[in-house]
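J.: model.txt is reproduced in full below (compact mmCIF, C-alpha atoms).
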```txt
# COMPACT_ATOMS: atom_id res chain seq x y z
CA MET T 809 0.00 0.00 0.00
CA ASP T 810 1.22 3.53 -0.81
CA VAL T 811 0.86 5.85 2.15
CA LEU T 812 1.26 9.62 2.17
CA VAL T 813 1.97 11.18 5.59
CA GLY T 814 1.61 14.91 6.14
CA ILE T 815 3.78 16.53 8.78
CA GLY T 816 4.91 20.05 9.55
CA SER T 817 1.96 22.07 10.76
CA PRO T 818 0.98 22.00 14.45
CA ASP T 819 -1.70 19.38 13.82
CA GLU T 820 0.34 17.37 11.36
CA SER T 821 2.86 16.21 13.89
CA VAL T 822 5.68 13.72 13.65
CA ALA T 823 3.56 11.37 15.78
CA ALA T 824 1.60 10.58 12.62
CA LEU T 825 4.81 9.51 10.91
CA GLU T 826 5.99 7.48 13.90
CA ARG T 827 2.86 5.39 13.82
CA THR T 828 2.88 5.01 10.06
CA ALA T 829 6.55 4.00 10.06
CA ARG T 830 5.98 1.33 12.72
CA GLN T 831 3.10 -0.06 10.74
CA ALA T 832 5.02 0.03 7.47
CA ALA T 833 7.85 -1.90 9.08
CA ALA T 834 5.37 -4.71 9.70
CA THR T 835 3.35 -4.52 6.48
CA GLY T 836 5.87 -3.38 3.90
CA ASP T 837 3.82 -0.29 3.01
CA SER T 838 5.63 2.28 0.95
CA VAL T 839 5.72 5.60 2.81
CA THR T 840 6.06 9.11 1.40
CA VAL T 841 6.48 12.01 3.82
CA ALA T 842 5.05 15.36 2.78
CA ILE T 843 6.37 18.30 4.76
CA VAL T 844 3.67 20.96 4.60
CA GLY T 845 3.41 24.57 5.65
CA ASP T 846 5.67 27.56 5.21
CA HIS T 847 8.82 27.07 7.22
CA PRO T 848 12.15 28.88 7.38
CA THR T 849 14.93 26.79 5.78
CA GLU T 850 16.25 25.77 9.16
CA ALA T 851 12.89 24.41 10.31
CA ARG T 852 12.42 22.58 7.01
CA GLU T 853 15.75 20.88 7.40
CA ARG T 854 14.96 19.96 10.98
CA LEU T 855 11.66 18.36 9.91
CA GLU T 856 13.53 16.47 7.22
CA THR T 857 16.17 15.21 9.66
CA GLU T 858 13.48 14.26 12.14
CA SER T 859 11.57 12.33 9.47
CA SER T 860 14.67 10.44 8.39
CA SER T 861 15.52 9.48 11.93
CA VAL T 862 11.96 8.26 12.62
CA ALA T 863 12.20 6.14 9.45
CA ASP T 864 15.64 4.83 10.44
CA ASP T 865 14.40 3.92 13.91
CA ALA T 866 11.56 1.93 12.37
CA GLY T 867 13.93 0.38 9.84
CA ILE T 868 12.12 1.59 6.73
CA ASP T 869 12.95 3.78 3.74
CA VAL T 870 10.82 6.81 3.10
CA SER T 871 10.85 9.41 0.40
CA ILE T 872 10.58 12.94 1.69
CA ARG T 873 9.28 15.94 -0.20
CA HIS T 874 8.11 19.47 0.53
CA LEU T 875 4.68 20.73 -0.47
CA ASP T 876 4.38 24.50 -0.76
CA GLY T 877 1.11 26.32 -0.42
CA ASP T 878 -1.99 25.53 1.59
CA PRO T 879 -1.29 22.31 3.55
CA GLY T 880 -4.78 20.81 3.35
CA SER T 881 -5.38 21.27 -0.36
CA GLN T 882 -1.81 20.25 -1.25
CA LEU T 883 -2.12 16.99 0.68
CA VAL T 884 -5.48 16.18 -0.90
CA ASP T 885 -4.19 17.04 -4.39
CA VAL T 886 -1.04 14.96 -4.18
CA ALA T 887 -2.82 12.01 -2.57
CA GLU T 888 -5.32 11.92 -5.41
CA ALA T 889 -3.10 12.86 -8.35
CA GLU T 890 -0.54 10.22 -7.42
CA GLU T 891 -3.11 7.63 -6.37
CA PHE T 892 -1.98 7.04 -2.82
CA ASP T 893 -4.04 4.43 -0.99
CA GLU T 894 -4.06 6.28 2.30
CA LEU T 895 -3.41 9.77 3.62
CA VAL T 896 -2.23 10.02 7.24
CA ILE T 897 -2.34 13.24 9.27
CA GLY T 898 -2.18 14.27 12.93
CA GLY T 899 -5.54 14.18 14.60
CA GLY T 900 -5.62 17.53 16.33
CA SER T 901 -4.24 19.14 19.45
CA GLU T 902 -5.54 19.50 22.99
CA SER T 903 -6.69 22.69 24.68
CA PRO T 904 -5.51 23.53 28.24
CA MET T 905 -8.74 21.89 29.40
CA GLY T 906 -7.94 18.70 27.53
CA LYS T 907 -10.50 19.28 24.77
CA ILE T 908 -9.51 17.84 21.44
CA THR T 909 -9.53 20.46 18.73
CA ILE T 910 -9.22 19.69 15.04
CA GLY T 911 -7.22 22.20 13.05
CA SER T 912 -8.16 23.65 9.71
CA THR T 913 -5.81 21.36 7.77
CA ALA T 914 -7.32 18.20 9.26
CA GLU T 915 -10.82 19.52 8.70
CA PHE T 916 -10.11 20.36 5.07
CA VAL T 917 -8.55 16.97 4.45
CA LEU T 918 -11.44 15.09 6.09
CA LEU T 919 -14.06 16.96 4.13
CA ASN T 920 -12.31 16.95 0.77
CA ALA T 921 -10.14 13.88 0.37
CA HIS T 922 -11.45 11.00 -1.70
CA THR T 923 -8.50 9.02 -0.40
CA THR T 924 -8.93 7.08 2.87
CA VAL T 925 -7.73 9.31 5.69
CA THR T 926 -6.21 8.22 8.98
CA LEU T 927 -6.05 10.62 11.92
CA VAL T 928 -3.31 9.75 14.40
CA ARG T 929 -3.71 10.64 18.07
CA MET M 1046 -7.02 28.23 20.29
CA SER M 1047 -5.30 31.15 18.60
CA SER M 1048 -3.38 33.53 20.84
CA ASP M 1049 -4.76 36.47 18.86
CA ARG M 1050 -8.27 35.64 20.00
CA ARG M 1051 -10.63 38.60 20.09
CA TYR M 1052 -12.70 39.35 23.16
CA PRO M 1053 -15.88 41.42 23.25
CA ASP M 1054 -15.34 45.09 24.21
CA GLU M 1055 -18.28 45.08 26.52
CA ILE M 1056 -17.98 43.63 30.03
CA SER M 1057 -20.67 41.06 30.88
CA GLY M 1058 -22.18 40.65 34.30
CA PRO M 1059 -22.49 41.21 37.15
CA PHE M 1060 -22.68 37.55 38.05
CA PRO M 1061 -23.28 35.89 41.44
CA THR M 1062 -20.36 34.47 43.40
CA PRO M 1063 -20.37 31.08 45.13
CA PRO M 1064 -21.90 29.82 47.35
CA ILE M 1065 -25.45 30.05 46.02
CA SER M 1066 -28.53 27.92 46.72
CA PHE M 1067 -31.64 27.43 44.65
CA THR M 1068 -34.44 24.98 43.95
CA ASP M 1069 -34.14 23.51 40.47
CA ALA M 1070 -37.00 22.87 38.02
CA GLU M 1071 -37.39 19.34 39.45
CA ASP M 1072 -37.81 20.72 43.00
CA ARG M 1073 -34.35 19.59 44.12
CA ASP M 1074 -32.42 21.80 46.52
CA ILE M 1075 -29.13 22.56 44.83
CA GLU M 1076 -26.12 24.33 46.31
CA ILE M 1077 -23.21 25.61 44.23
CA ARG M 1078 -19.91 25.95 46.11
CA SER M 1079 -16.29 26.38 45.12
CA PHE M 1080 -14.24 23.17 45.23
CA ASP M 1081 -12.72 22.87 48.72
CA GLY M 1082 -9.79 20.63 47.79
CA THR M 1083 -10.86 17.73 50.05
CA ASP M 1084 -10.71 14.08 49.04
CA ASP M 1085 -14.45 13.78 49.69
CA GLU M 1086 -15.30 16.39 47.07
CA TYR M 1087 -12.72 14.99 44.66
CA GLU M 1088 -14.23 11.50 44.99
CA ALA M 1089 -17.78 12.81 44.53
CA LEU M 1090 -16.66 14.50 41.33
CA ALA M 1091 -14.86 11.39 40.09
CA GLU M 1092 -18.07 9.45 40.75
CA MET M 1093 -20.07 11.97 38.71
CA TYR M 1094 -17.74 11.58 35.75
CA VAL M 1095 -17.69 7.78 35.95
CA ALA M 1096 -21.51 7.92 35.70
CA PHE M 1097 -21.36 10.43 32.84
CA ASP M 1098 -23.20 9.45 29.64
CA PRO M 1099 -20.62 9.08 26.85
CA SER M 1100 -23.00 10.76 24.43
CA ASP M 1101 -22.58 13.96 26.45
CA ARG M 1102 -18.82 13.98 26.05
CA ALA M 1103 -17.50 17.08 24.35
CA GLN M 1104 -14.31 17.00 22.29
CA GLY M 1105 -12.96 14.04 24.22
CA ILE M 1106 -13.78 15.19 27.74
CA PRO M 1107 -14.61 13.88 30.20
CA PRO M 1108 -12.48 10.86 29.28
CA GLY M 1109 -14.21 7.50 29.37
CA LYS M 1110 -12.16 5.37 31.73
CA GLU M 1111 -11.76 6.01 35.43
CA PRO M 1112 -7.92 6.23 35.51
CA ARG M 1113 -8.04 8.79 32.71
CA ILE M 1114 -10.85 10.66 34.44
CA ARG M 1115 -8.61 10.98 37.51
CA THR M 1116 -5.61 12.17 35.49
CA TRP M 1117 -7.82 14.72 33.78
CA LEU M 1118 -9.32 15.87 37.12
CA ASP M 1119 -5.84 16.22 38.65
CA GLY M 1120 -5.03 18.69 35.88
CA ILE M 1121 -8.14 20.83 36.09
CA LEU M 1122 -8.41 20.79 39.90
CA ALA M 1123 -4.86 22.16 40.23
CA ASP M 1124 -4.16 25.27 42.31
CA ASP M 1125 -4.12 27.66 39.35
CA CYS M 1126 -7.61 26.58 38.22
CA TYR M 1127 -11.01 27.67 39.55
CA ASN M 1128 -13.69 25.04 40.11
CA ILE M 1129 -17.25 25.06 41.37
CA ILE M 1130 -19.55 22.12 42.00
CA ALA M 1131 -23.37 21.92 42.05
CA TRP M 1132 -24.46 19.69 44.93
CA ASP M 1133 -27.68 17.77 45.50
CA GLY M 1134 -26.91 16.76 49.07
CA ASP M 1135 -23.70 14.72 48.80
CA THR M 1136 -24.14 14.05 45.10
CA ALA M 1137 -22.15 16.11 42.62
CA ALA M 1138 -24.74 17.04 39.98
CA GLY M 1139 -22.65 19.44 37.95
CA HIS M 1140 -19.21 20.98 37.70
CA ALA M 1141 -17.73 24.01 35.99
CA THR M 1142 -14.08 24.95 35.69
CA LEU M 1143 -11.74 27.72 34.55
CA VAL M 1144 -8.29 26.57 33.40
CA PRO M 1145 -5.53 29.07 32.52
CA ASP M 1146 -4.10 28.79 29.01
CA ALA M 1147 -0.40 28.69 28.24
CA GLU M 1148 -0.11 32.43 27.70
CA GLY M 1149 -1.64 32.97 31.14
CA GLY M 1150 -4.26 35.59 31.88
CA ASN M 1151 -6.95 34.00 29.71
CA PHE M 1152 -9.00 31.12 31.04
CA GLU M 1153 -10.68 28.27 29.20
CA LEU M 1154 -14.13 27.38 30.53
CA ALA M 1155 -15.94 24.06 30.58
CA ILE M 1156 -19.16 22.98 32.22
CA PHE M 1157 -20.69 19.54 32.79
CA VAL M 1158 -24.07 18.57 34.21
CA LEU M 1159 -24.93 14.96 35.01
CA GLN M 1160 -27.65 13.68 32.69
CA GLU M 1161 -30.44 13.36 35.26
CA TYR M 1162 -29.85 16.96 36.37
CA GLN M 1163 -29.92 18.51 32.91
CA GLN M 1164 -32.59 20.98 31.77
CA ALA M 1165 -33.42 22.01 35.31
CA GLY M 1166 -31.59 25.34 35.40
CA ILE M 1167 -28.39 23.98 36.96
CA GLY M 1168 -26.25 24.70 33.90
CA THR M 1169 -27.24 28.36 33.77
CA ASN M 1170 -26.63 28.80 37.50
CA LEU M 1171 -23.24 27.03 37.27
CA MET M 1172 -22.23 29.17 34.33
CA GLU M 1173 -23.17 32.48 35.93
CA THR M 1174 -21.67 31.57 39.28
CA LEU M 1175 -18.40 30.45 37.70
CA LEU M 1176 -18.13 33.75 35.82
CA GLY M 1177 -18.86 35.63 39.07
CA TYR M 1178 -16.18 33.57 40.80
CA GLY M 1179 -13.78 34.40 37.97
CA THR M 1180 -14.45 38.13 38.22
CA SER M 1181 -13.98 38.00 42.01
CA VAL M 1182 -10.47 36.54 41.64
CA GLY M 1183 -9.46 39.08 38.97
CA ILE M 1184 -9.99 37.10 35.77
CA THR M 1185 -11.02 39.36 32.88
CA THR M 1186 -11.16 37.16 29.79
CA VAL M 1187 -12.64 33.69 29.36
CA TRP M 1188 -12.99 31.53 26.22
CA LEU M 1189 -14.34 28.13 25.31
CA THR M 1190 -14.90 25.87 22.35
CA VAL M 1191 -18.14 24.07 21.62
CA GLU M 1192 -19.19 21.67 18.92
CA ARG M 1193 -21.18 23.74 16.47
CA TRP M 1194 -24.14 21.33 16.47
CA ASN M 1195 -24.53 21.61 20.27
CA HIS M 1196 -27.27 24.24 20.06
CA PRO M 1197 -28.43 24.11 23.72
CA ALA M 1198 -24.88 24.83 24.89
CA VAL M 1199 -24.31 27.58 22.34
CA SER M 1200 -27.53 29.36 23.40
CA LEU M 1201 -26.57 29.10 27.06
CA TYR M 1202 -23.18 30.66 26.34
CA LYS M 1203 -24.76 33.44 24.27
CA LYS M 1204 -27.31 34.13 26.97
CA VAL M 1205 -24.63 34.96 29.55
CA GLY M 1206 -22.62 37.13 27.15
CA PHE M 1207 -20.27 34.91 25.12
CA GLU M 1208 -19.71 35.96 21.52
CA THR M 1209 -18.49 33.74 18.69
CA THR M 1210 -14.87 34.58 17.93
CA GLY M 1211 -13.84 31.72 15.68
CA ALA M 1212 -16.07 29.67 13.42
CA GLU M 1213 -13.63 28.36 10.84
CA ASN M 1214 -13.25 24.90 12.40
CA PHE M 1215 -15.53 22.05 13.45
CA GLU M 1216 -15.83 23.62 16.86
CA LEU M 1217 -16.97 27.15 17.53
CA GLU M 1218 -14.75 29.32 19.65
CA MET M 1219 -16.54 31.81 21.90
CA ALA M 1220 -15.22 34.45 24.29
CA ILE M 1221 -16.50 36.77 27.02
CA ARG M 1222 -15.06 39.71 28.95
CA ILE M 1223 -15.95 39.68 32.66
CA GLY M 1224 -13.72 42.41 34.11
CA GLU M 1225 -11.64 45.50 33.38
CA ASP M 1226 -8.08 44.91 32.18
CA GLY M 1227 -5.56 45.70 34.86
CA ALA M 1228 -8.28 45.76 37.50
```
The structure given in the file should be rewritten as structure tokens.

T.:
Amino acid sequence: MDVLVGIGSPDESVAALERTARQAAATGDSVTVAIVGDHPTEARERLETESSSVADDAGIDVSIRHLDGDPGSQLVDVAEAEEFDELVIGGGSESPMGKITIGSTAEFVLLNAHTTVTLVR
Amino acid sequence: MSSDRRYPDEISGPFPTPPISFTDAEDRDIEIRSFDGTDDEYEALAEMYVAFDPSDRAQGIPPGKEPRIRTWLDGILADDCYNIIAWDGDTAAGHATLVPDAEGGNFELAIFVLQEYQQAGIGTNLMETLLGYGTSVGITTVWLTVERWNHPAVSLYKKVGFETTGAENFELEMAIRIGEDGA
């Protein structure tokens, strides 16, 4: 199965990649990491390094790419255009109270993707 | 959740401060008091949340399992939070809380009423008394999120003075001003 994982915005955390990488190590899924959002070069590189080390820890190879522009629509576009089987994103953050809040990227993806979407908590 | 959240210009209130007593719509004598920090009150609250109907959960709280309920309660009953409980005798019937956000100064509000005590006026009294409590300890700005389809909750929040400040996500964000800045 070809899996696209979005990371890089507050909701699209590395936790989503960690879970996907663990699963791929067991199933042999092919994983592509999409780093979304506008980041300074330094932050981009850090996300890239972090992604590689998560993949190394899980013992899998991933391809990493950057998607410029609006995170939600970019993820949906790429997932569909390149016929990924699954799109994985972070499943929201928690308020001080502990309430789960879903960010605008996750909401856009859920409402617009024709690809199967997994939210990772 | 944004730190650039807008708050209404107008100050809402005045609101009552705890303790208050009233008879609810089902003729039950209800008292609302601030949480006293004792184990007895903590346990009564834990019991209320264990009995809580999962269909009344809001954005993942209260959590479903007792150990997680206790972890969650430990967080929101901490010293920098403000909590009031609605009592029917020794039974905790409702609970409302103000939790400071990371930036400090602004407080997130949540309110829970046990199913068999709903629609009897307890929610409104809890809400107003919590805001009065907040004002009395110097809190000026309070916010909350609510699922947009939860119309009874949204109307309750509007009734006491909350205004919608963010509507771009699944959940509505609402905010209220309850005191003068720097007061």

J.: Go through M:Trp1117, M:Ala1141, M:Thr1209, M:Trp1194 and flag the residue nearest chain T, using only C-alpha atoms for the distances.

T.: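 Distance minimum relative to chain T lands on M:Trp1117.
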
J.: Between CA of Gln882 in chain T and CA of Leu895 in chain T, what is the distance, to one decimal in Å?

T.: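 So the two atoms, CA of Gln882 in chain T and CA of Leu895 in chain T, lie 11.7 Å apart.
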
J.: Find, counting all atoms listed in the file, the residue in T:Ile910, T:Ala829, T:Leu875, T:Val813 that gets nearest to Thr926 in chain T.

T.: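 That would be T:Val813, the residue with the smallest distance to Thr926 in chain T.
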
J.: Kindly provide, as a ChimeraX atom specification, the residues of chain T having any atom no farther than 7 Å from an atom of chain M, counting all atoms listed in the file.

T.: /T:904-912,915

J.: Keeping only C-alpha atoms, take the residues you just selected and write them out as a PDB file, in the coordinates of the input.

T.:
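Result file is selection07.pdb:
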```
ATOM      1  CA  PRO T 904      -5.510  23.530  28.240  1.00  0.00           C
ATOM      2  CA  MET T 905      -8.740  21.890  29.400  1.00  0.00           C
ATOM      3  CA  GLY T 906      -7.940  18.700  27.530  1.00  0.00           C
ATOM      4  CA  LYS T 907     -10.500  19.280  24.770  1.00  0.00           C
ATOM      5  CA  ILE T 908      -9.510  17.840  21.440  1.00  0.00           C
ATOM      6  CA  THR T 909      -9.530  20.460  18.730  1.00  0.00           C
ATOM      7  CA  ILE T 910      -9.220  19.690  15.040  1.00  0.00           C
ATOM      8  CA  GLY T 911      -7.220  22.200  13.050  1.00  0.00           C
ATOM      9  CA  SER T 912      -8.160  23.650   9.710  1.00  0.00           C
ATOM     10  CA  GLU T 915     -10.820  19.520   8.700  1.00  0.00           C
TER      11      GLU T 915
END
```

J.: Counting only C-alpha atoms, what is within 7 Å of Arg873 in chain T, bar same-chain residues fewer than 2 positions away, as a list in words?

T.: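 The filter keeps Val841, Ala842, Ile843, Ser871 and Leu875 of chain T.
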
J.: So the first atom is CA of Leu825 in chain T and the second is CA of Val862 in chain T; what is the distance between them in Å, to one decimal place?

T.: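 So the answer is 7.5 Å.
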
J.: Have a look at CA of Phe1060 in chain M and CA of Tyr1178 in chain M and let me know their distance in Å, one decimal.

T.: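 Separation of CA of Phe1060 in chain M and CA of Tyr1178 in chain M: 8.1 Å.
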